[in-house]
Amino acid sequence: MNKDITMGLLIPFLGTSLGAACVYVMKDEINQKVQKGLSGFAAGVMVAASIWSLLIPSMDMVEEKMGNMSWIPAVVGFIIGIIFLLFLDEHVPHQHIDSNQPEGKNSENLRRTTMMVLAVVIHNIPEGMAVGVTYAGAAFGAGNVNYAQALALSIGIAIQNFPEGAIISMPLKTAGVSKNKSFWAGVGSGAVEPVAAVLTILLSQIMIPILPYLLSFAAGAMFYVVVEELIPEATGEGDTHTNIGTLGFAAGFVIMMILDVMLG
């Protein structure tokens, strides 16, 4: 694995780690409106990344061979990605930060803080896969995916990972967990991204013919996270009505779109 790929895979992890470090510089828990805005921002980044960095390249790769049927790999991979995240959501015990209701199987014996971290881990798996499959496409010269496009995706994911790191570590500190443990919990939740990225690259090396399906698979997995988790967190009922989540979504979508067009 060359240096460019290694650095690219670590950029999103760096974003999460810097966000988790907020426990050392912020005294209070994150304001509810700010948290909604950050969730909306993350959703906007992931939707834009799924479209420009994953779904469109997936169709471009097979356009010459499949013509008007080039949508097939995108649709098939997208649906399988949705099903994969649905499976994880149903079977892995976890609890979302804004919820008091545990989800998944066998969650009775786990602490709330542990399940909060697991919720973010589930969230981060498709992001790591998305970065990994994009770098794989660039490394193997598949379609029109290039290193600049992969770098744009890494930077976009890192930008939205910064508030995610804070969103997982700050509530843990507020719940009574020490600053150091809260920080490392945030860092640990982000460590799954480079691992998922490396595994995806290794898988891609032996499955180049289905790379378009892998791209759309990552897109479907990210869309599941957006619809099932981030949008409800950004627009859910709070003490007062606010459109900050919607504005955050727009900002994230625009920033990721600009990054992809400028670098890709």
# chains A, B, ... in the order shown; residues from 1 in each chain; ligands from 1
>>> residues_around(residues="range 26-39 of chain A", least_positions_apart="4", cutoff="7 Å", atoms="only C-alpha atoms", output="list of chain:residue names")
A:Cys22, A:Ala43, A:Pro163, A:Met170, A:Pro171, A:Thr174, A:Leu230, A:Glu233, A:Ala234, A:Thr235, A:Ile244, A:Gly245, A:Gly248
>>> residues_around(residues="Asn2 in chain A", least_positions_apart="6", cutoff="12 Å", atoms="only C-alpha atoms", output="PDB file with all heavy atoms, in the first residue's frame")
ATOM      1  N   GLY A   8      -4.215   8.946   2.958  1.00  0.00           N
ATOM      2  CA  GLY A   8      -5.615   9.202   2.643  1.00  0.00           C
ATOM      3  C   GLY A   8      -6.561   8.460   3.567  1.00  0.00           C
ATOM      4  O   GLY A   8      -7.596   8.997   3.980  1.00  0.00           O
ATOM      5  N   LEU A   9      -6.195   7.217   3.930  1.00  0.00           N
ATOM      6  CA  LEU A   9      -7.042   6.431   4.814  1.00  0.00           C
ATOM      7  C   LEU A   9      -7.035   6.957   6.239  1.00  0.00           C
ATOM      8  O   LEU A   9      -7.997   6.766   6.988  1.00  0.00           O
ATOM      9  CB  LEU A   9      -6.587   4.966   4.808  1.00  0.00           C
ATOM     10  CG  LEU A   9      -6.635   4.221   3.472  1.00  0.00           C
ATOM     11  CD1 LEU A   9      -6.315   2.753   3.681  1.00  0.00           C
ATOM     12  CD2 LEU A   9      -7.993   4.372   2.799  1.00  0.00           C
ATOM     13  N   TYR A 135     -10.258   4.683  -3.022  1.00  0.00           N
ATOM     14  CA  TYR A 135      -8.805   4.579  -3.221  1.00  0.00           C
ATOM     15  C   TYR A 135      -8.452   3.322  -4.026  1.00  0.00           C
ATOM     16  O   TYR A 135      -7.498   3.324  -4.811  1.00  0.00           O
ATOM     17  CB  TYR A 135      -8.077   4.573  -1.876  1.00  0.00           C
ATOM     18  CG  TYR A 135      -7.712   5.968  -1.412  1.00  0.00           C
ATOM     19  CD1 TYR A 135      -8.473   6.637  -0.472  1.00  0.00           C
ATOM     20  CD2 TYR A 135      -6.608   6.630  -1.951  1.00  0.00           C
ATOM     21  CE1 TYR A 135      -8.155   7.916  -0.057  1.00  0.00           C
ATOM     22  CE2 TYR A 135      -6.275   7.906  -1.544  1.00  0.00           C
ATOM     23  CZ  TYR A 135      -7.054   8.551  -0.595  1.00  0.00           C
ATOM     24  OH  TYR A 135      -6.731   9.825  -0.212  1.00  0.00           O
ATOM     25  N   ALA A 136      -9.211   2.254  -3.831  1.00  0.00           N
ATOM     26  CA  ALA A 136      -8.979   1.041  -4.618  1.00  0.00           C
ATOM     27  C   ALA A 136      -9.214   1.316  -6.092  1.00  0.00           C
ATOM     28  O   ALA A 136      -8.435   0.887  -6.956  1.00  0.00           O
ATOM     29  CB  ALA A 136      -9.896  -0.079  -4.125  1.00  0.00           C
ATOM     30  N   ALA A 138      -8.937   4.153  -7.613  1.00  0.00           N
ATOM     31  CA  ALA A 138      -7.846   4.993  -8.119  1.00  0.00           C
ATOM     32  C   ALA A 138      -6.566   4.173  -8.319  1.00  0.00           C
ATOM     33  O   ALA A 138      -5.860   4.319  -9.323  1.00  0.00           O
ATOM     34  CB  ALA A 138      -7.587   6.140  -7.150  1.00  0.00           C
ATOM     35  N   ALA A 139      -6.264   3.290  -7.353  1.00  0.00           N
ATOM     36  CA  ALA A 139      -5.031   2.501  -7.421  1.00  0.00           C
ATOM     37  C   ALA A 139      -5.028   1.522  -8.588  1.00  0.00           C
ATOM     38  O   ALA A 139      -3.996   1.303  -9.232  1.00  0.00           O
ATOM     39  CB  ALA A 139      -4.834   1.737  -6.114  1.00  0.00           C
ATOM     40  N   TYR A 147      -6.902   9.634  -7.744  1.00  0.00           N
ATOM     41  CA  TYR A 147      -6.470   9.911  -6.378  1.00  0.00           C
ATOM     42  C   TYR A 147      -7.005  11.238  -5.855  1.00  0.00           C
ATOM     43  O   TYR A 147      -7.270  11.381  -4.663  1.00  0.00           O
ATOM     44  CB  TYR A 147      -4.946   9.898  -6.304  1.00  0.00           C
ATOM     45  CG  TYR A 147      -4.358   8.509  -6.263  1.00  0.00           C
ATOM     46  CD1 TYR A 147      -3.632   8.009  -7.334  1.00  0.00           C
ATOM     47  CD2 TYR A 147      -4.534   7.691  -5.145  1.00  0.00           C
ATOM     48  CE1 TYR A 147      -3.096   6.728  -7.302  1.00  0.00           C
ATOM     49  CE2 TYR A 147      -4.007   6.411  -5.101  1.00  0.00           C
ATOM     50  CZ  TYR A 147      -3.280   5.935  -6.179  1.00  0.00           C
ATOM     51  OH  TYR A 147      -2.764   4.661  -6.134  1.00  0.00           O
TER      52      TYR A 147
END
>>> closest_residue(among="A:Phe84, A:Ala20, A:Gly40, A:His91", to="Gly236 in chain A", atoms="only C-alpha atoms")
A:Gly40
>>> closest_residue(among="A:Gln160, A:Gln149, A:Ser58, A:Ser50", to="Gly252 in chain A", atoms="only C-alpha atoms")
A:Gln160
>>> residues_around(residues="Glu228 in chain A", least_positions_apart="6", cutoff="10 Å", atoms="only C-alpha atoms", output="mmCIF file with all heavy atoms, in the first residue's frame")
data_model
loop_
_atom_site.group_PDB
_atom_site.id
_atom_site.type_symbol
_atom_site.label_atom_id
_atom_site.label_comp_id
_atom_site.auth_asym_id
_atom_site.auth_seq_id
_atom_site.Cartn_x
_atom_site.Cartn_y
_atom_site.Cartn_z
ATOM 1 N N LEU A 85 -26.391 -2.722 6.281
ATOM 2 C CA LEU A 85 -26.480 -1.849 7.457
ATOM 3 C C LEU A 85 -27.728 -2.152 8.275
ATOM 4 O O LEU A 85 -27.719 -2.050 9.506
ATOM 5 C CB LEU A 85 -26.452 -0.386 7.029
ATOM 6 C CG LEU A 85 -25.109 0.338 7.206
ATOM 7 C CD1 LEU A 85 -24.794 0.532 8.689
ATOM 8 C CD2 LEU A 85 -23.980 -0.454 6.543
ATOM 9 N N LEU A 86 -28.802 -2.549 7.598
ATOM 10 C CA LEU A 86 -30.007 -2.950 8.325
ATOM 11 C C LEU A 86 -29.715 -4.159 9.206
ATOM 12 O O LEU A 86 -30.161 -4.225 10.365
ATOM 13 C CB LEU A 86 -31.127 -3.272 7.334
ATOM 14 C CG LEU A 86 -32.450 -3.767 7.928
ATOM 15 C CD1 LEU A 86 -33.053 -2.716 8.839
ATOM 16 C CD2 LEU A 86 -33.425 -4.150 6.827
ATOM 17 N N ASP A 89 -27.698 -2.998 12.165
ATOM 18 C CA ASP A 89 -28.555 -2.214 13.053
ATOM 19 C C ASP A 89 -29.460 -3.110 13.887
ATOM 20 O O ASP A 89 -29.758 -2.811 15.052
ATOM 21 C CB ASP A 89 -29.394 -1.241 12.217
ATOM 22 C CG ASP A 89 -29.980 -0.118 13.052
ATOM 23 O OD1 ASP A 89 -29.278 0.372 13.956
ATOM 24 O OD2 ASP A 89 -31.131 0.269 12.805
ATOM 25 N N MET A 222 -24.054 4.197 3.449
ATOM 26 C CA MET A 222 -24.022 5.550 3.987
ATOM 27 C C MET A 222 -25.415 6.170 3.988
ATOM 28 O O MET A 222 -25.801 6.890 4.924
ATOM 29 C CB MET A 222 -23.032 6.423 3.206
ATOM 30 C CG MET A 222 -21.583 6.050 3.438
ATOM 31 S SD MET A 222 -20.451 7.450 3.399
ATOM 32 C CE MET A 222 -20.554 7.955 1.694
#
>>> closest_residue(among="A:Gly190, A:Gly176, A:Gly128, A:Gly44", to="Asn161 in chain A", atoms="only C-alpha atoms")
A:Gly190
>>> select_by_dssp(residues="range 13-169 of chain A", states="helix (DSSP H, G or I)", output="MDAnalysis selection string")
chainID A and resid 13:24 32:69 71:91 112:139 147:169
>>> write_last_selection(atoms="C-alpha atoms", output="CSV table (one decimal), in the first residue's frame")
chain,number,residue,atom,x,y,z
A,13,PHE,CA,-9.5,9.1,11.5
A,14,LEU,CA,-7.5,12.3,12.3
A,15,GLY,CA,-10.8,14.2,12.0
A,16,THR,CA,-12.5,12.0,14.5
A,17,SER,CA,-9.5,12.2,16.9
A,18,LEU,CA,-9.4,16.0,16.8
A,19,GLY,CA,-13.1,16.1,17.5
A,20,ALA,CA,-12.8,13.7,20.4
A,21,ALA,CA,-10.1,16.0,21.9
A,22,CYS,CA,-12.8,18.6,22.5
A,23,VAL,CA,-13.3,17.1,25.9
A,24,TYR,CA,-10.1,18.8,27.0
A,32,GLN,CA,-28.8,20.8,21.5
A,33,LYS,CA,-29.1,23.2,18.5
A,34,VAL,CA,-25.4,22.9,17.7
A,35,GLN,CA,-25.7,19.1,17.9
A,36,LYS,CA,-28.6,19.2,15.5
A,37,GLY,CA,-26.6,21.4,13.1
A,38,LEU,CA,-23.6,19.0,13.2
A,39,SER,CA,-25.8,16.0,12.6
A,40,GLY,CA,-27.3,17.8,9.6
A,41,PHE,CA,-23.9,18.8,8.3
A,42,ALA,CA,-22.7,15.2,8.5
A,43,ALA,CA,-25.7,14.0,6.7
A,44,GLY,CA,-25.2,16.5,3.9
A,45,VAL,CA,-21.5,15.5,3.5
A,46,MET,CA,-22.5,11.8,3.3
A,47,VAL,CA,-25.3,12.3,0.8
A,48,ALA,CA,-23.1,14.4,-1.5
A,49,ALA,CA,-20.2,12.0,-1.2
A,50,SER,CA,-22.5,9.1,-2.0
A,51,ILE,CA,-23.7,10.7,-5.2
A,52,TRP,CA,-20.5,12.3,-6.6
A,53,SER,CA,-17.8,10.0,-5.3
A,54,LEU,CA,-19.6,6.6,-5.3
A,55,LEU,CA,-22.9,6.3,-7.4
A,56,ILE,CA,-21.9,8.4,-10.4
A,57,PRO,CA,-18.4,6.7,-10.7
A,58,SER,CA,-20.1,3.3,-10.3
A,59,MET,CA,-22.3,4.0,-13.4
A,60,ASP,CA,-19.4,5.7,-15.3
A,61,MET,CA,-17.3,2.5,-14.9
A,62,VAL,CA,-19.7,0.4,-16.8
A,63,GLU,CA,-21.3,2.9,-19.2
A,64,GLU,CA,-19.2,1.9,-22.2
A,65,LYS,CA,-20.1,-1.8,-21.8
A,66,MET,CA,-23.7,-1.5,-20.5
A,67,GLY,CA,-24.9,1.7,-22.1
A,68,ASN,CA,-28.4,2.6,-20.9
A,69,MET,CA,-28.3,-0.3,-18.5
A,71,TRP,CA,-27.6,1.9,-13.6
A,72,ILE,CA,-27.8,-1.9,-12.7
A,73,PRO,CA,-24.6,-2.1,-10.7
A,74,ALA,CA,-25.5,1.2,-8.9
A,75,VAL,CA,-29.0,-0.1,-8.0
A,76,VAL,CA,-27.9,-3.6,-7.0
A,77,GLY,CA,-24.9,-2.5,-4.9
A,78,PHE,CA,-27.0,0.3,-3.3
A,79,ILE,CA,-29.8,-2.1,-2.2
A,80,ILE,CA,-27.3,-4.6,-0.8
A,81,GLY,CA,-25.6,-1.8,1.1
A,82,ILE,CA,-28.9,-0.8,2.7
A,83,ILE,CA,-29.6,-4.5,3.7
A,84,PHE,CA,-26.1,-4.9,5.2
A,85,LEU,CA,-26.5,-1.8,7.5
A,86,LEU,CA,-30.0,-2.9,8.3
A,87,PHE,CA,-28.6,-6.3,9.4
A,88,LEU,CA,-25.9,-4.6,11.6
A,89,ASP,CA,-28.6,-2.2,13.1
A,90,GLU,CA,-30.8,-5.1,14.0
A,91,HIS,CA,-28.1,-7.4,15.5
A,112,ARG,CA,-25.2,3.0,27.9
A,113,THR,CA,-21.8,4.5,27.2
A,114,THR,CA,-20.6,1.3,25.5
A,115,MET,CA,-23.7,1.2,23.4
A,116,MET,CA,-23.3,4.8,22.4
A,117,VAL,CA,-19.8,4.1,21.1
A,118,LEU,CA,-21.1,1.0,19.2
A,119,ALA,CA,-23.7,3.2,17.5
A,120,VAL,CA,-21.0,5.4,16.2
A,121,VAL,CA,-18.9,2.4,15.2
A,122,ILE,CA,-21.8,1.2,13.0
A,123,HIS,CA,-22.1,4.7,11.6
A,124,ASN,CA,-18.3,4.7,10.7
A,125,ILE,CA,-18.1,1.3,8.9
A,126,PRO,CA,-19.7,2.5,5.7
A,127,GLU,CA,-17.6,5.7,5.7
A,128,GLY,CA,-14.4,3.6,5.9
A,129,MET,CA,-15.7,1.4,3.2
A,130,ALA,CA,-16.4,4.4,1.0
A,131,VAL,CA,-12.9,5.8,1.4
A,132,GLY,CA,-11.3,2.4,0.9
A,133,VAL,CA,-13.2,1.5,-2.3
A,134,THR,CA,-12.5,4.9,-3.8
A,135,TYR,CA,-8.8,4.6,-3.2
A,136,ALA,CA,-9.0,1.0,-4.6
A,137,GLY,CA,-10.6,2.4,-7.8
A,138,ALA,CA,-7.8,5.0,-8.1
A,139,ALA,CA,-5.0,2.5,-7.4
A,147,TYR,CA,-6.5,9.9,-6.4
A,148,ALA,CA,-7.7,13.5,-6.3
A,149,GLN,CA,-11.3,12.3,-6.1
A,150,ALA,CA,-10.4,9.8,-3.4
A,151,LEU,CA,-8.6,12.6,-1.5
A,152,ALA,CA,-11.7,14.8,-1.8
A,153,LEU,CA,-13.8,12.1,-0.2
A,154,SER,CA,-11.3,11.6,2.6
A,155,ILE,CA,-11.2,15.3,3.4
A,156,GLY,CA,-15.0,15.5,3.3
A,157,ILE,CA,-15.4,12.6,5.6
A,158,ALA,CA,-12.7,14.0,8.0
A,159,ILE,CA,-14.6,17.4,8.1
A,160,GLN,CA,-17.8,15.7,9.2
A,161,ASN,CA,-15.9,13.3,11.5
A,162,PHE,CA,-14.6,16.2,13.6
A,163,PRO,CA,-18.1,17.1,15.1
A,164,GLU,CA,-18.8,13.3,15.3
A,165,GLY,CA,-15.8,12.9,17.5
A,166,ALA,CA,-17.1,15.7,19.8
A,167,ILE,CA,-20.6,14.3,19.7
A,168,ILE,CA,-19.5,11.0,21.1
A,169,SER,CA,-16.9,12.1,23.6
>>> atom_distance(atom1="CA of Arg111 in chain A", atom2="CA of Ala197 in chain A")
28.3 Å
>>> closest_residue(among="A:Ala196, A:Phe249, A:Gln101, A:Asp4", to="Ala218 in chain A", atoms="only C-alpha atoms")
A:Ala196
>>> atom_distance(atom1="CA of Ser178 in chain A", atom2="CA of Val195 in chain A")
26.4 Å
>>> atom_distance(atom1="CA of Pro209 in chain A", atom2="CA of Phe140 in chain A")
11.1 Å
>>> closest_residue(among="A:Ser70, A:Lys105, A:Asn146, A:Val225", to="Asp260 in chain A", atoms="only C-alpha atoms")
A:Asn146
